[in-house]
Amino acid sequence: MNWLSLLGLDALVARWRANVIEGAIAAEDRMDLVRLEWGDQKQRLQQLLVLTIVVAGLTVVALIMLSLAVLVHFWDTPNRTLVAWVVAGVWTLGWGVALVSLISVAQRASNGFALTRQELAQDWRDIKERL
């Protein structure tokens with residue numbers, strides 16, 4: 001004898017079972033989304049590390065070349081001065097490009113897991129509406 005059926009609770013149990021299954025599927029989808037976004041975040045953090053090392057190295061080189069350019073500037077031949085300033089300018093330009101790339105990657109890295117946060121916020125709003 002099925003007591004749930006006699007008490008009229010079979011529809012309630014079926015509804016709860018369907019909700020639990022739907023919740024499990026939703027949780028699995030959210031975990032897949034987190035896994036995908038973690039891969040993107042990890043890649044951005046790796047780029048951030050590499051670009052930080054590049055910017056640090058180019059800063060040292062740029063300062064050395066700028067110092068060399070200042071020293072050569074006071075030598076007698078004007079052609080040496082022009083060459084030294086051009087070399088220093090090229091190193092400074094390389095440093096600027098690396099710095100801009102570093103800032104760009106850092107800004108993108110700060111927006112990690114945006115899709116997951118948005119999806120969880122939507123889920124929370126749906127739950128509040130149901131309650």
# chains A, B, ... in the order shown; residues from 1 in each chain; ligands from 1
$ closest_atom_pairs --of "range 43-78 of chain A" --to "range 107-119 of chain A" --cutoff "9 Å" --atoms "only C-alpha atoms" --output "JSON lines"
{"residue": "A:Arg44", "atom": "CA", "partner": "A:Ala109", "partner_atom": "CA", "distance": 5.8}
{"residue": "A:Leu45", "atom": "CA", "partner": "A:Ala109", "partner_atom": "CA", "distance": 6.8}
{"residue": "A:Leu48", "atom": "CA", "partner": "A:Ala109", "partner_atom": "CA", "distance": 8.2}
$ write_last_selection --atoms "N, CA, C and O atoms" --output "mmCIF file, in the first residue's frame"
data_model
loop_
_atom_site.group_PDB
_atom_site.id
_atom_site.type_symbol
_atom_site.label_atom_id
_atom_site.label_comp_id
_atom_site.auth_asym_id
_atom_site.auth_seq_id
_atom_site.Cartn_x
_atom_site.Cartn_y
_atom_site.Cartn_z
ATOM 1 N N ARG A 44 45.073 34.816 -17.722
ATOM 2 C CA ARG A 44 45.347 36.243 -17.512
ATOM 3 C C ARG A 44 46.401 36.442 -16.430
ATOM 4 O O ARG A 44 47.261 37.330 -16.541
ATOM 5 N N LEU A 45 46.355 35.637 -15.366
ATOM 6 C CA LEU A 45 47.357 35.762 -14.304
ATOM 7 C C LEU A 45 48.746 35.375 -14.805
ATOM 8 O O LEU A 45 49.743 36.001 -14.419
ATOM 9 N N LEU A 48 49.917 38.254 -16.785
ATOM 10 C CA LEU A 48 50.265 39.322 -15.855
ATOM 11 C C LEU A 48 51.661 39.096 -15.282
ATOM 12 O O LEU A 48 52.462 40.035 -15.203
#
$ atom_distance --atom1 "CA of Arg130 in chain A" --atom2 "CA of Ile25 in chain A"
18.1 Å
$ atom_distance --atom1 "CA of Val105 in chain A" --atom2 "CA of Leu51 in chain A"
8.6 Å
